[in-house]
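> Next comes the structure file entry-v5.cif, holding mmCIF, C-alpha atoms and all ligand atoms.
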```cif
data_input
loop_
_atom_site.label_atom_id
_atom_site.label_comp_id
_atom_site.auth_asym_id
_atom_site.auth_seq_id
_atom_site.Cartn_x
_atom_site.Cartn_y
_atom_site.Cartn_z
CA MET A 1 -1.08 -8.67 -16.90
CA GLU A 2 -1.48 -12.38 -16.98
CA LYS A 3 -4.16 -13.83 -19.22
CA CYS A 4 -6.67 -16.13 -17.64
CA SER A 5 -6.71 -19.72 -18.70
CA CYS A 6 -10.35 -20.63 -18.27
CA THR A 7 -9.86 -24.24 -19.27
CA ALA A 8 -7.53 -24.93 -16.39
CA PRO A 9 -9.52 -26.31 -13.47
CA ILE A 10 -6.68 -27.14 -11.11
CA SER A 11 -3.49 -25.42 -10.16
CA LYS A 12 -1.17 -27.83 -12.00
CA SER A 13 -2.61 -26.94 -15.38
CA SER A 14 -2.76 -23.28 -14.44
CA ASN A 15 0.97 -23.55 -13.76
CA LEU A 16 1.38 -24.91 -17.22
CA SER A 17 -0.63 -22.19 -18.92
CA ARG A 18 1.30 -19.65 -16.90
CA ALA A 19 4.59 -21.09 -18.10
CA LEU A 20 3.36 -21.08 -21.70
CA TYR A 21 2.15 -17.53 -21.37
CA ASN A 22 5.52 -16.44 -20.02
CA GLN A 23 7.39 -17.99 -22.89
CA ASN A 24 7.51 -14.61 -24.60
CA GLY A 25 10.09 -13.92 -21.92
CA LYS A 26 8.58 -10.82 -20.40
CA ILE A 27 9.13 -10.35 -16.69
CA PRO A 28 6.41 -8.26 -15.06
CA LEU A 29 7.05 -5.96 -12.12
CA SER A 30 4.57 -7.54 -9.75
CA GLU A 31 2.13 -10.30 -10.58
CA PRO A 32 0.04 -12.52 -8.36
CA LEU A 33 0.68 -16.18 -7.60
CA ILE A 34 -2.47 -18.29 -7.60
CA GLN A 35 -1.49 -21.84 -6.76
CA GLY A 36 -3.27 -22.71 -3.55
CA ASN A 37 -6.88 -23.34 -2.67
CA GLU A 38 -8.27 -20.45 -4.78
CA TRP A 39 -9.86 -22.72 -7.39
CA LYS A 40 -11.37 -24.98 -4.74
CA TYR A 41 -12.87 -22.24 -2.57
CA ILE A 42 -14.19 -20.19 -5.50
CA LYS A 43 -15.71 -23.32 -7.02
CA GLU A 44 -17.54 -23.87 -3.76
CA CYS A 45 -19.04 -20.36 -4.04
CA LEU A 46 -20.14 -21.04 -7.60
CA ASP A 47 -21.53 -24.50 -6.76
CA THR A 48 -23.55 -23.21 -3.82
CA ASN A 49 -24.72 -19.96 -5.45
CA TRP A 50 -23.14 -17.85 -2.69
CA VAL A 51 -21.46 -15.44 -5.07
CA SER A 52 -22.37 -12.01 -3.75
CA SER A 53 -21.75 -10.10 -0.54
CA SER A 54 -23.38 -12.61 1.80
CA GLY A 55 -21.75 -15.98 2.37
CA HIS A 56 -19.45 -17.48 4.91
CA TYR A 57 -16.16 -16.65 3.17
CA VAL A 58 -16.58 -12.93 3.83
CA ASN A 59 -16.89 -13.47 7.57
CA HIS A 60 -14.18 -16.11 7.55
CA PHE A 61 -11.77 -13.87 5.64
CA GLU A 62 -12.37 -11.06 8.16
CA LYS A 63 -11.84 -13.43 11.06
CA ILE A 64 -8.54 -14.89 9.89
CA PHE A 65 -7.33 -11.46 8.82
CA ALA A 66 -8.02 -9.97 12.26
CA GLY A 67 -6.40 -13.03 13.82
CA TYR A 68 -3.30 -12.63 11.70
CA LEU A 69 -2.89 -9.00 12.79
CA GLY A 70 -3.84 -9.69 16.39
CA ILE A 71 -6.54 -7.04 16.17
CA LYS A 72 -10.16 -7.22 17.29
CA TYR A 73 -12.08 -6.26 14.15
CA ALA A 74 -11.64 -6.49 10.39
CA VAL A 75 -14.23 -5.28 7.88
CA ALA A 76 -13.86 -6.43 4.28
CA CYS A 77 -14.64 -4.04 1.44
CA ILE A 78 -14.32 -3.77 -2.31
CA ASN A 79 -10.87 -2.20 -2.52
CA GLY A 80 -8.22 -0.34 -0.57
CA THR A 81 -9.40 3.07 -1.73
CA ALA A 82 -12.93 2.38 -0.47
CA ALA A 83 -11.39 1.17 2.81
CA LEU A 84 -9.59 4.52 3.14
CA HIS A 85 -12.76 6.44 2.32
CA ILE A 86 -14.70 4.64 5.05
CA ALA A 87 -11.82 4.86 7.56
CA LEU A 88 -11.76 8.64 7.15
CA LEU A 89 -15.53 8.86 7.66
CA VAL A 90 -15.39 6.60 10.69
CA ALA A 91 -12.51 8.61 12.18
CA GLY A 92 -14.77 11.65 11.94
CA VAL A 93 -12.82 13.66 9.36
CA LYS A 94 -15.14 16.46 8.25
CA PRO A 95 -15.28 18.67 5.15
CA GLU A 96 -12.63 21.42 5.10
CA GLU A 97 -10.56 19.73 7.81
CA GLU A 98 -6.96 18.72 7.13
CA VAL A 99 -5.18 15.37 7.21
CA LEU A 100 -1.37 15.08 7.21
CA ILE A 101 0.00 12.59 4.68
CA PRO A 102 3.40 11.89 3.11
CA ALA A 103 3.86 13.19 -0.44
CA LEU A 104 5.46 9.96 -1.64
CA SER A 105 2.75 7.43 -2.35
CA PHE A 106 0.16 6.20 -4.76
CA VAL A 107 -2.57 8.82 -5.19
CA ALA A 108 -5.42 6.83 -3.55
CA PRO A 109 -5.10 8.12 0.04
CA ALA A 110 -5.06 11.76 -1.14
CA ASN A 111 -8.14 11.06 -3.26
CA ALA A 112 -9.90 9.40 -0.33
CA ILE A 113 -9.28 12.53 1.74
CA ARG A 114 -10.98 14.55 -1.01
CA TYR A 115 -13.91 12.09 -1.13
CA VAL A 116 -14.83 13.30 2.37
CA ARG A 117 -14.16 16.87 1.18
CA ALA A 118 -11.25 17.30 3.55
CA TRP A 119 -7.76 18.45 2.46
CA PRO A 120 -4.43 16.64 2.45
CA VAL A 121 -1.41 18.43 3.92
CA PHE A 122 1.68 16.96 2.31
CA MET A 123 4.75 16.12 4.39
CA ASP A 124 8.26 15.01 3.46
CA VAL A 125 9.72 11.52 3.94
CA ASP A 126 12.75 10.24 5.80
CA PRO A 127 15.78 9.88 3.47
CA LEU A 128 16.73 6.41 4.75
CA THR A 129 13.41 4.63 5.08
CA TRP A 130 11.49 6.78 2.50
CA GLN A 131 8.54 6.76 4.88
CA MET A 132 6.70 9.73 6.40
CA ASP A 133 9.21 11.67 8.51
CA PRO A 134 7.91 11.99 12.10
CA GLN A 135 10.40 14.76 12.88
CA ARG A 136 8.97 16.94 10.15
CA VAL A 137 5.44 16.27 11.37
CA GLN A 138 6.49 17.24 14.88
CA GLU A 139 8.26 20.39 13.68
CA PHE A 140 5.30 21.48 11.57
CA LEU A 141 2.78 20.99 14.38
CA LYS A 142 5.02 22.78 16.88
CA ASP A 143 5.79 25.80 14.70
CA HIS A 144 2.66 26.31 12.63
CA THR A 145 -0.40 25.42 14.66
CA ARG A 146 -2.41 26.95 17.48
CA TYR A 147 -5.49 25.92 19.43
CA HIS A 148 -8.81 27.63 19.01
CA ARG A 149 -11.72 26.44 21.17
CA GLY A 150 -9.98 23.15 21.72
CA ARG A 151 -9.33 22.53 18.06
CA LEU A 152 -5.93 22.39 16.41
CA ILE A 153 -5.63 25.05 13.68
CA ASN A 154 -3.07 25.19 10.88
CA LYS A 155 -1.88 28.81 11.22
CA ILE A 156 -0.97 28.97 7.54
CA THR A 157 -4.26 27.78 6.06
CA GLY A 158 -6.58 28.53 8.96
CA LYS A 159 -8.08 25.03 8.74
CA VAL A 160 -8.64 22.48 11.49
CA ILE A 161 -6.18 19.57 11.50
CA LYS A 162 -7.96 16.33 12.33
CA ALA A 163 -5.77 13.34 11.59
CA ILE A 164 -2.43 11.91 10.49
CA LEU A 165 -2.44 9.33 7.73
CA PRO A 166 0.95 7.56 7.67
CA ILE A 167 1.46 5.30 4.64
CA HIS A 168 3.65 2.21 5.03
CA ILE A 169 5.15 2.18 1.54
CA LEU A 170 6.91 -0.58 -0.40
CA GLY A 171 6.53 -3.25 2.28
CA HIS A 172 8.36 -1.31 5.01
CA SER A 173 6.79 0.32 8.04
CA VAL A 174 6.65 3.95 9.10
CA ASP A 175 8.39 4.82 12.39
CA MET A 176 5.09 4.69 14.26
CA ASP A 177 5.94 5.37 17.93
CA PRO A 178 6.83 9.04 17.39
CA ILE A 179 3.80 9.46 15.10
CA LEU A 180 1.53 7.94 17.75
CA SER A 181 2.95 10.08 20.53
CA ILE A 182 2.62 13.25 18.42
CA ALA A 183 -0.97 12.26 17.67
CA ARG A 184 -1.70 11.78 21.37
CA LYS A 185 -0.13 15.10 22.22
CA TYR A 186 -2.17 17.03 19.64
CA ASN A 187 -5.28 14.87 19.93
CA LEU A 188 -5.21 13.70 16.30
CA LYS A 189 -6.59 10.46 14.92
CA VAL A 190 -4.15 8.05 13.24
CA ILE A 191 -5.34 6.29 10.09
CA GLU A 192 -2.73 3.84 8.78
CA ASP A 193 -2.56 3.15 5.08
CA ALA A 194 -1.09 -0.36 5.22
CA THR A 195 -2.15 -1.28 1.68
CA GLU A 196 1.42 -1.94 0.52
CA SER A 197 2.75 -3.58 3.63
CA LEU A 198 0.58 -6.47 4.77
CA GLY A 199 2.84 -8.67 6.91
CA ALA A 200 5.41 -5.97 7.67
CA LEU A 201 6.35 -5.52 11.32
CA TYR A 202 7.13 -2.47 13.43
CA LYS A 203 9.02 -3.38 16.62
CA GLY A 204 7.59 -6.87 16.24
CA ARG A 205 4.00 -5.68 15.84
CA PRO A 206 2.14 -5.93 12.51
CA VAL A 207 1.45 -2.71 10.62
CA GLY A 208 -2.26 -2.03 10.44
CA SER A 209 -2.66 -2.76 14.15
CA LEU A 210 -0.88 0.31 15.48
CA GLY A 211 -3.07 3.36 14.85
CA ASP A 212 -6.75 4.05 15.53
CA ILE A 213 -7.84 2.41 12.28
CA ALA A 214 -6.03 0.96 9.24
CA CYS A 215 -6.60 -0.02 5.62
CA PHE A 216 -5.37 -2.84 3.38
CA SER A 217 -5.66 -3.61 -0.34
CA PHE A 218 -5.88 -6.88 -2.25
CA ASN A 219 -5.42 -5.43 -5.70
CA GLY A 220 -3.67 -7.66 -8.25
CA ASN A 221 -0.25 -6.12 -7.66
CA LYS A 222 -0.28 -6.34 -3.85
CA ILE A 223 1.36 -9.17 -1.86
CA ILE A 224 -1.90 -11.11 -1.74
CA THR A 225 -4.84 -10.49 -4.03
CA THR A 226 -8.56 -11.09 -4.36
CA GLY A 227 -8.66 -9.56 -7.83
CA GLY A 228 -9.76 -6.40 -6.09
CA GLY A 229 -10.47 -6.00 -2.42
CA GLY A 230 -9.71 -4.18 0.78
CA MET A 231 -9.91 -4.44 4.55
CA ILE A 232 -10.44 -2.01 7.40
CA THR A 233 -8.95 -2.99 10.76
CA THR A 234 -9.46 -1.47 14.20
CA ASN A 235 -9.67 -2.35 17.90
CA ASN A 236 -12.57 0.06 18.36
CA SER A 237 -15.86 -1.87 18.40
CA LEU A 238 -18.01 1.19 17.65
CA TRP A 239 -15.80 2.15 14.72
CA ALA A 240 -15.88 -1.40 13.35
CA GLU A 241 -19.66 -1.48 13.62
CA ARG A 242 -19.89 1.88 11.88
CA ALA A 243 -17.51 0.76 9.10
CA ARG A 244 -19.68 -2.32 8.53
CA TYR A 245 -22.82 -0.16 8.49
CA LEU A 246 -21.43 2.35 5.99
CA THR A 247 -19.96 -0.28 3.65
CA THR A 248 -23.31 -2.10 3.45
CA GLN A 249 -25.61 0.76 2.36
CA ALA A 250 -26.31 2.00 5.91
CA LYS A 251 -29.17 -0.44 6.38
CA ASP A 252 -31.14 0.26 9.53
CA ASP A 253 -33.84 -2.22 8.69
CA SER A 254 -33.17 -4.46 5.74
CA VAL A 255 -36.74 -5.75 5.51
CA GLU A 256 -38.34 -2.33 5.59
CA SER A 257 -35.49 -0.72 3.63
CA ILE A 258 -34.87 1.95 6.22
CA HIS A 259 -31.63 3.91 5.72
CA ASN A 260 -31.05 6.79 8.10
CA GLU A 261 -27.77 7.82 6.48
CA ILE A 262 -26.14 7.79 3.07
CA GLY A 263 -24.29 4.50 2.85
CA TYR A 264 -22.03 2.88 0.28
CA ASN A 265 -22.11 -0.37 -1.66
CA TYR A 266 -18.56 -1.29 -0.65
CA ARG A 267 -18.93 -4.85 0.66
CA LEU A 268 -16.54 -7.50 -0.69
CA SER A 269 -18.17 -10.42 -2.51
CA ASN A 270 -18.05 -14.00 -1.26
CA ILE A 271 -16.09 -15.06 -4.39
CA GLN A 272 -13.41 -12.48 -3.71
CA ALA A 273 -13.31 -13.36 -0.01
CA ALA A 274 -12.91 -17.05 -0.92
CA MET A 275 -9.84 -16.10 -2.92
CA GLY A 276 -8.64 -13.99 0.02
CA VAL A 277 -8.87 -16.94 2.39
CA ALA A 278 -6.77 -19.06 0.01
CA GLN A 279 -4.23 -16.27 -0.43
CA MET A 280 -3.94 -15.74 3.33
CA GLU A 281 -2.91 -19.39 3.64
CA LYS A 282 0.14 -18.48 1.54
CA LEU A 283 1.03 -15.13 3.04
CA LYS A 284 3.82 -16.33 5.31
CA GLU A 285 5.45 -18.18 2.43
CA TYR A 286 5.10 -15.14 0.13
CA ILE A 287 6.76 -12.84 2.65
CA GLU A 288 9.68 -15.24 3.10
CA PHE A 289 10.02 -15.51 -0.65
CA LYS A 290 10.03 -11.75 -1.19
CA ARG A 291 12.58 -11.28 1.55
CA LYS A 292 14.83 -13.87 -0.09
CA ILE A 293 14.65 -12.09 -3.44
CA ALA A 294 15.52 -8.79 -1.75
CA ILE A 295 18.50 -10.31 0.08
CA ARG A 296 19.72 -11.90 -3.15
CA TYR A 297 19.33 -8.70 -5.17
CA ASN A 298 21.08 -6.71 -2.42
CA GLU A 299 24.04 -9.13 -2.49
CA LYS A 300 24.32 -9.06 -6.27
CA PHE A 301 23.89 -5.30 -6.66
CA ASN A 302 26.14 -4.13 -3.85
CA THR A 303 29.03 -3.23 -6.17
CA LEU A 304 26.83 -0.93 -8.27
CA PRO A 305 26.27 2.78 -7.53
CA LEU A 306 22.84 2.10 -6.06
CA MET A 307 21.24 2.84 -2.74
CA LEU A 308 19.70 -0.53 -1.93
CA PRO A 309 16.53 -1.03 0.12
CA LYS A 310 17.27 -1.58 3.79
CA GLU A 311 15.30 -2.27 6.89
CA ALA A 312 15.34 0.18 9.75
CA SER A 313 16.46 -1.43 13.01
CA TRP A 314 12.82 -1.49 14.20
CA ALA A 315 11.34 -2.87 11.00
CA LYS A 316 10.76 -6.18 9.31
CA SER A 317 9.98 -5.46 5.67
CA THR A 318 8.17 -7.60 3.14
CA PHE A 319 10.01 -5.75 0.32
CA TRP A 320 6.67 -5.63 -1.50
CA LEU A 321 8.26 -3.63 -4.33
CA TYR A 322 12.04 -3.99 -4.43
CA THR A 323 13.21 -0.44 -5.15
CA VAL A 324 16.70 0.98 -5.72
CA VAL A 325 17.93 4.58 -5.92
CA LEU A 326 20.52 5.39 -8.58
CA ASN A 327 23.59 7.24 -7.31
CA THR A 328 25.46 7.24 -10.61
CA LYS A 329 27.99 9.95 -11.54
CA ASN A 330 27.51 9.43 -15.26
CA LYS A 331 24.57 11.64 -16.28
CA LYS A 332 23.45 9.33 -19.06
CA MET A 333 22.97 6.51 -16.60
CA ASN A 334 19.83 7.78 -14.93
CA ARG A 335 16.72 5.90 -13.88
CA GLN A 336 14.95 6.82 -17.13
CA PHE A 337 17.74 5.18 -19.11
CA LEU A 338 17.84 2.05 -16.97
CA TRP A 339 14.05 1.80 -17.14
CA LYS A 340 14.04 2.03 -20.97
CA GLU A 341 16.89 -0.42 -21.41
CA LEU A 342 15.30 -2.99 -19.12
CA SER A 343 12.03 -2.56 -20.96
CA LYS A 344 13.75 -3.18 -24.34
CA ASN A 345 14.86 -6.48 -22.84
CA GLY A 346 11.39 -7.47 -21.67
CA ILE A 347 11.85 -6.56 -18.04
CA GLU A 348 9.25 -4.34 -16.50
CA SER A 349 10.50 -1.80 -13.96
CA ARG A 350 8.88 1.39 -12.73
CA PRO A 351 9.74 4.70 -11.14
CA LEU A 352 8.12 5.57 -7.83
CA TRP A 353 4.91 7.61 -7.96
CA TYR A 354 5.02 11.11 -9.27
CA PRO A 355 5.03 13.22 -6.07
CA THR A 356 1.37 13.56 -5.12
CA TYR A 357 1.68 17.19 -4.06
CA ARG A 358 2.62 18.15 -7.64
CA LEU A 359 -0.34 16.42 -9.28
CA LYS A 360 -2.94 18.67 -10.84
CA PRO A 361 -5.69 18.10 -8.25
CA TYR A 362 -3.23 18.69 -5.38
CA ARG A 363 -0.90 21.44 -6.59
CA ASP A 364 -2.71 24.11 -4.63
CA CYS A 365 -2.84 22.13 -1.41
CA PHE A 366 -0.55 22.99 1.44
CA SER A 367 2.75 21.12 1.59
CA TYR A 368 5.45 21.48 4.19
CA LYS A 369 9.17 21.73 3.29
CA ILE A 370 9.32 18.85 0.83
CA SER A 371 12.67 17.92 -0.70
CA ILE A 372 13.49 14.23 -0.18
CA VAL A 373 10.35 13.11 -2.01
CA ASP A 374 11.44 14.79 -5.23
CA SER A 375 14.98 13.46 -5.22
CA LEU A 376 13.70 9.94 -4.56
CA TYR A 377 11.20 10.27 -7.36
CA GLU A 378 13.99 11.40 -9.73
CA LYS A 379 16.30 8.51 -8.93
CA ALA A 380 14.28 5.50 -7.78
CA LEU A 381 13.32 2.46 -9.79
CA SER A 382 11.37 -0.62 -8.71
CA LEU A 383 12.49 -3.98 -10.10
CA PRO A 384 10.55 -7.23 -10.60
CA GLY A 385 9.96 -9.04 -7.33
CA SER A 386 6.81 -11.10 -7.76
CA VAL A 387 6.21 -14.00 -5.40
CA GLY A 388 6.44 -16.35 -8.38
CA LEU A 389 9.70 -14.93 -9.77
CA THR A 390 11.86 -17.93 -10.66
CA ARG A 391 15.58 -18.18 -9.98
CA ILE A 392 16.18 -17.96 -13.75
CA GLN A 393 14.12 -14.79 -14.00
CA GLN A 394 15.93 -13.30 -11.00
CA ASP A 395 19.25 -14.10 -12.67
CA ARG A 396 18.12 -12.37 -15.84
CA VAL A 397 17.15 -9.23 -13.94
CA ILE A 398 20.47 -9.26 -12.07
CA ARG A 399 22.53 -9.85 -15.23
CA LEU A 400 20.79 -7.12 -17.20
CA VAL A 401 20.92 -4.47 -14.48
CA LYS A 402 24.64 -5.19 -14.05
CA GLU A 403 25.29 -5.14 -17.79
CA ILE A 404 23.38 -1.93 -18.47
CA MET A 405 24.85 -0.08 -15.52
CA GLY A 406 28.30 -1.56 -16.09
CA HIS A 407 28.65 0.32 -19.36
CA TYR A 408 28.33 3.69 -17.70
CA LEU A 409 30.20 3.49 -14.44
C1 LIG B 1 -2.74 0.11 -3.73
C2 LIG B 1 -2.81 1.28 -2.84
C3 LIG B 1 -4.04 1.80 -2.42
C4 LIG B 1 -5.38 1.45 -2.99
O1 LIG B 1 -5.73 0.18 -3.06
P1 LIG B 1 -6.81 -0.29 -4.15
O2 LIG B 1 -7.22 -1.61 -3.62
O3 LIG B 1 -6.12 -0.37 -5.46
O4 LIG B 1 -7.94 0.68 -4.15
C5 LIG B 1 -4.04 2.80 -1.46
N1 LIG B 1 -2.89 3.31 -0.99
C6 LIG B 1 -1.69 2.88 -1.42
C7 LIG B 1 -0.46 3.49 -0.83
C8 LIG B 1 -1.61 1.86 -2.38
O5 LIG B 1 -0.41 1.46 -2.82
#
```
Give the structure from the file, written as structure tokens.
Ligand SMILES: *Cc1c(COP(=O)(O)O)cnc(C)c1O


Amino acid sequence: MEKCSCTAPISKSSNLSRALYNQNGKIPLSEPLIQGNEWKYIKECLDTNWVSSSGHYVNHFEKIFAGYLGIKYAVACINGTAALHIALLVAGVKPEEEVLIPALSFVAPANAIRYVRAWPVFMDVDPLTWQMDPQRVQEFLKDHTRYHRGRLINKITGKVIKAILPIHILGHSVDMDPILSIARKYNLKVIEDATESLGALYKGRPVGSLGDIACFSFNGNKIITTGGGGMITTNNSLWAERARYLTTQAKDDSVESIHNEIGYNYRLSNIQAAMGVAQMEKLKEYIEFKRKIAIRYNEKFNTLPLMLPKEASWAKSTFWLYTVVLNTKNKKMNRQFLWKELSKNGIESRPLWYPTYRLKPYRDCFSYKISIVDSLYEKALSLPGSVGLTRIQQDRVIRLVKEIMGHYL
């Protein structure tokens, strides 16, 4: 991670310290770019003493975020995981109920399902887009559920199925129309995890505006960052109100300290929101930049035995993490080897997440016919694609990947 240069008051000098810091030649997988109005807006918070969870930047951040997505309500909170926790509560997911999620993702959404004491049901992903496979969801619901007193029951576990939680991974969107029509048919709520795909489009519409409620993250490795932060988005005014209530300690009367429910201290601070506002000003530029890197990598790598990231016909991807799948015949040339060799040369790369359904807390949960997830996990590697990645750094990544793989074709 990048060290902070506390002596640098304006972005020019922070550029300089950044360049000095990077002189050791390491290229990180995904680092933020902080070169806009962040210093100015945060300084305003510090100068005016509005540093905590009240202050105009929080409201302003929510407003521009909702505007960007074309959605009615956005509720800022401390991180993406907290956003998921609240979204599940607001959607009415109860203890012992089940939520369908893809098995290829960061662990946070599965954890959030456990926070409300519900259970994840793990589904496979589509081999081309690597996103939750709607056909499998359909097949599972058709073959293995029944209704009991108006509730949908998983015939295998006996539990009530309440919601589907599609996760738009790596900057690409899930095929949402079939998911939404399945959800309508079976009366399930749809909670989108859009934490990795801010700015991605599905049939021209932004992800995070498609389901009943959605979640975003502004962690340091995401396309925009507030240090840590999250957002809940929905068109449902009651749900938005409830999300705001639960993230702010469930205050029924702030003067008298009346709380009629157990709430959470999940509200984003004004300082973080100030950073979010500055980062949102750059989002369009960042997306264009990431798409350019992906196009360039795809051109340069197309002679190698790699499955390169593509966009489905209905998607516009941000290529948040540029990820390739190794299709090499030579056994030595596997993703582990490429990963180690790149690392020896100061280039950070990373496999996809260990399949969630095999993790210790989730091994005993129900999973449905998973195969693609494991083969992707075995063979996939994400390469550096930060919004600040210079042409020279890109060239170094390209040259090294070609050199390392070239030896073992
Ligand atoms: C990053 C991420 C989250 C969690 O976001 P945080 O802000 O780090 O809590 C949730 N889901 C997925 C798929 C993520 O990649």

> Rounded to one decimal place, report the atom CA of A:Thr248-atom CA of A:Ile161 distance in Å.

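Taking atom CA of A:Thr248 and atom CA of A:Ile161, their separation equals 28.8 Å.
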
> Pick from A:Asp212, A:Asp374, A:Glu196, A:Glu241: nearest to ligand LIG 1 (chain B), with all atoms listed in the file counted?

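Counting all atoms listed in the file, the residue closest to ligand LIG 1 (chain B) is A:Glu196.
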
> Emit as lines of an AutoDock Vina configuration file the padded axis-aligned box for all listed atoms of stretch 142-155 of chain A, 8 Å per side, with centre and edge lengths in Å to one decimal.


```
center_x = -3.0
center_y = 25.6
center_z = 16.3
size_x = 33.5
size_y = 22.4
size_z = 26.8
```

> Would you compute the distance between atom CA of A:Ala273 and atom CA of A:Val58? Give it in Å to one decimal.

5.1 Å

> For a test of reading the model, state the distance in Å between atom CA of A:Ala163 and atom CA of A:Val107, rounded to one decimal.

17.7 Å

> Got a sec: who's within 6 Å of stretch 171-178 of chain A, counting all atoms listed in the file, leaving out chain neighbours fewer than 3 positions off, as a list in words?

Gln131, His168, Ser181, Glu196, Ser197, Ser317, Thr318, Phe319 and Trp320 of chain A

> When distances are computed from only C-alpha atoms, which of A:Trp239, A:Val324, A:Gly220, A:Gly227 shows the smallest separation from A:Asn302?

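Of A:Trp239, A:Val324, A:Gly220, A:Gly227, the one nearest A:Asn302, counting only C-alpha atoms, is A:Val324.
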
> Extract, using all atoms listed in the file, all DNA, RNA and protein residues at most 12 Å from stretch 345-347 of chain A, discarding same-chain residues fewer than 6 positions from it, and format them as a JSON list (two decimals) with C-alpha atoms, in the coordinates of the input.


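Result file is out-v2.json:
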```json
[["chain", "number", "residue", "atom", "x", "y", "z"],
["A", 22, "ASN", "CA", 5.52, -16.44, -20.02],
["A", 23, "GLN", "CA", 7.39, -17.99, -22.89],
["A", 24, "ASN", "CA", 7.51, -14.61, -24.60],
["A", 25, "GLY", "CA", 10.09, -13.92, -21.92],
["A", 26, "LYS", "CA", 8.58, -10.82, -20.40],
["A", 27, "ILE", "CA", 9.13, -10.35, -16.69],
["A", 28, "PRO", "CA", 6.41, -8.26, -15.06],
["A", 29, "LEU", "CA", 7.05, -5.96, -12.12],
["A", 30, "SER", "CA", 4.57, -7.54, -9.75],
["A", 338, "LEU", "CA", 17.84, 2.05, -16.97],
["A", 339, "TRP", "CA", 14.05, 1.80, -17.14],
["A", 382, "SER", "CA", 11.37, -0.62, -8.71],
["A", 383, "LEU", "CA", 12.49, -3.98, -10.10],
["A", 384, "PRO", "CA", 10.55, -7.23, -10.60],
["A", 385, "GLY", "CA", 9.96, -9.04, -7.33],
["A", 389, "LEU", "CA", 9.70, -14.93, -9.77],
["A", 393, "GLN", "CA", 14.12, -14.79, -14.00],
["A", 394, "GLN", "CA", 15.93, -13.30, -11.00],
["A", 395, "ASP", "CA", 19.25, -14.10, -12.67],
["A", 396, "ARG", "CA", 18.12, -12.37, -15.84],
["A", 397, "VAL", "CA", 17.15, -9.23, -13.94],
["A", 398, "ILE", "CA", 20.47, -9.26, -12.07],
["A", 399, "ARG", "CA", 22.53, -9.85, -15.23],
["A", 400, "LEU", "CA", 20.79, -7.12, -17.20],
["A", 401, "VAL", "CA", 20.92, -4.47, -14.48],
["A", 403, "GLU", "CA", 25.29, -5.14, -17.79],
["A", 404, "ILE", "CA", 23.38, -1.93, -18.47]]
```

> Nearest residue to A:Asp364 out of A:Val121, A:Met333, A:Arg296, A:Val207, using only C-alpha atoms?

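Under the stated criterion, the closest residue is A:Val121.
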
> Please, which residues have at least one atom within 10 Å of an atom of ligand LIG 1 (chain B), using all atoms listed in the file, listed as a VMD selection string?

chain A and resid 77 to 85 104 to 112 166 to 171 192 to 197 215 to 222 225 to 231 353

> When you look at A:Met123 with a cut-off of 12 Å (counting only C-alpha atoms), what residues show up, excluding the ones that are within fewer than 5 positions of it in the same chain? I need them as number ranges by chain.

A: 99-105, 130-141, 164-167, 355-357, 365-374
